[in-house]
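Q: First the structure, which I've put down as structure tokens, then a few questions once you've had a look.
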Amino acid sequence: MTAVGRVVPRQSRVGAKSPWRAPAYVMLALLLASPAFAQGVDVTASLDITDGWARVGAYVPVTFKVTNRTDTEIAEVFVTTGGPVDVRSDLRLATGETAEKVLPVFYVGGDLPLWVEFLTESGATVARTEVTARETRALPGNMALVAVSQDGPDLEDAMKTQGKSVTGKRVLHILRLPFDRLETAAQCGVLHAGAGPLNTSLTDGTPMITPSRSGVIGVGVPPFPLGVRSAIQPGVYRLLGAAEWPASERLRLWTWLGLFALAVVVAAVLVPARRAVAGALVLVVLAGAAAGLIYWLGLPSGSRVCNTRIFYRRLQGSPQQALEEITLLQSRGGASARCPTIDVATLPLPIFASSDDLVRPSAVMDYGYDYGYHVETRGPPLVVHVLSLGMAHICESVPFDFLFPHPDRNQLAHAAEDPTAVKALLIEGSRATDADGRSQTINAWAVEWQGSDDPDVAYAGRSLKWWDSDRREGDGPFLLAWFHDPVSDHSLWKGAQVVRLPALVVYSEAPKQD
């Protein structure tokens, strides 16, 4: 679970026939014995928090122990694994100091090779090294990681049985962790469940197994649908229109291409016949250069962010609320697209359109700074989502009445009357009914709405179809309502073009279906 890396600067080689060979060796020996010459950084990396286990498609908390043996103060650390998400974090380390830092590393399977770079305040490289967290083990499909509070009692057989039922796994690997480490593991999304004292909850929606005062086992099942944590979700890309360019950008591109074509025609008319071949070659070179710029740099330049929020309100038993915030990041021409700092305790998880994207570098996550963390990309379109459960800001930031007691006809009418409402449906089985009493199949509603000229209604149709195929659990009843959800602070998105889609609220009393 632990490996050591050491980097030192390359030394000058002394010529074999140099008359200064002996004095040089003496000076080299003296320098190597001097602490001032110990220009290296010692690094170890371990998965001690999770006993070496890592969950494919999630972050794993890696504990780095770093000793600065250079004569330069270290300010930052940058870690890359060759996977889709690198991580950058602050690390203040003076000469001779040793520190421990836990960083989330995205895991895609196999060994966990780590390339670590240490930087100064100005961004200059102090040292680079490679270290592998050996004995890293991918969690098998039938095993769940369950974190138990270090101060809590051991899990009884009944609780283990309940844990297997909740996670859907046949084998439980129990981690006994202090609560701060338990929260770190939950933040990374590596856990399948947690166990602790009463009223304990993990904000990422990890199920909590807790003994009640009456001696009956209680399991806090989050209202997130099954499959919400899957790393491969091509439906999300179709939902947010990842392949579509905004009309304004397409118009600008075609305008420049039209002007270029006009210049070609003018040049063909004006260039004398004897120079036609040379002129044609010049135009071919220019056309190739233009095509290369468009292909490689993604011109026109700029960044675009498409964001939507899905609220889940599970009403059976004790009401629970959860938020899934999905953000599509698109960048062109070297511009960066950034998911803003999010005031929750969970990390933004990347979602990929195919398994090939798991080994393609896509983004950098800033982690551990005073401003929190965010994901930034300058590459192909990338979707990230954040899962949060039971957070106070969920109820504070919603643009609608979030306290519907039951998904029924009365509440359907109430939702449709909201001034911010876009659409609302009561769903039972394969049919859905609107507030006017009109009933038809879910697919018929989705097709009808997607043909609307109103972009918000068209999105409601796309998201209805997506929810039915990717997020639905059980036969219902469900109350689905879409509300206008404008962005309150555009400055958080760092100059990107922001598209905020309507918020979808899912009210359900149906039990979760395995």
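Each chain in the structure tokens gets a letter, A, B and so on, in the order shown; residues start at 1 in every chain, and ligands are counted from 1 in the order they appear.
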Can you list, as a ChimeraX atom specification, every protein, DNA or RNA residue that comes within 7 Å of range 486-495 of chain A when you count only C-alpha atoms, leaving out same-chain residues fewer than 3 positions away?

A: /A:338-340,500

Q: Just the residues within 7 Å of Leu323 in chain A, please, counting only C-alpha atoms, with nothing from its chain fewer than 4 positions along; format it as a PyMOL selection string.

A: chain A and resi 309-312+387-389+394

Q: Please dump the current selection as a compact mmCIF listing (two decimals), in the first residue's frame; keep C-alpha atoms.

A:
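Below you can see part_38.txt, which holds the result:
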```txt
# COMPACT_ATOMS: atom_id res chain seq x y z
CA ARG A 309 -30.17 20.69 -11.04
CA ILE A 310 -32.27 17.65 -10.14
CA PHE A 311 -33.90 17.62 -6.70
CA TYR A 312 -35.05 14.31 -5.25
CA LEU A 387 -24.31 14.79 -5.08
CA SER A 388 -25.39 16.34 -1.78
CA LEU A 389 -27.81 15.08 0.83
CA ILE A 394 -30.74 22.66 -0.72
```

Q: Excluding range 363-380 of chain A and its own-chain neighbours fewer than 4 positions away, which residues fall within 9 Å of it when counting only C-alpha atoms? Please give them as JSON, numbers by chain.

A: {"A": [80, 84, 85, 86, 87, 88, 89, 90, 91, 103, 104, 303, 329, 330, 331, 332, 333, 334, 335, 336, 337, 338, 339, 340, 341, 342, 343, 347, 348, 384]}

Q: Which residues come within 8 Å of Ser430 in chain A, counting only C-alpha atoms, excluding same-chain residues fewer than 3 positions away, as a PyMOL selection string?

A: chain A and resi 427+441-442+475

Q: Rounded to one decimal, what separation in Å do you get between CA of Arg170 in chain A and CA of Val190 in chain A?

A: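 A separation of 17.2 Å between them.
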
Q: Report, in Å with one decimal, the straight-line distance from CA of Ala421 in chain A to CA of Val305 in chain A.

A: 23.0 Å

Q: At what distance in Å, to one decimal, does CA of Ser230 in chain A lie from CA of Val359 in chain A?

A: 15.9 Å

Q: Near His173 in chain A, within 8 Å and counting only C-alpha atoms, which residues show up once chain neighbours fewer than 3 positions away are dropped, as number ranges by chain?

A: A: 143-146

Q: Within 12 Å of Glu417 in chain A, counting only C-alpha atoms, which residues show up once you throw out same-chain ones fewer than 2 positions away? Write them as a list in words, please.

A: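 So, after excluding close chain neighbours, the residues are Phe400, Asp401, Asn410, Gln411, Leu412, Ala413, His414, Ala415, Pro419, Thr420, Ala421, Val422, Lys423, Ala424, Asp434, Ala435, Asp436, Ala481, Trp482 and Phe483 of chain A.
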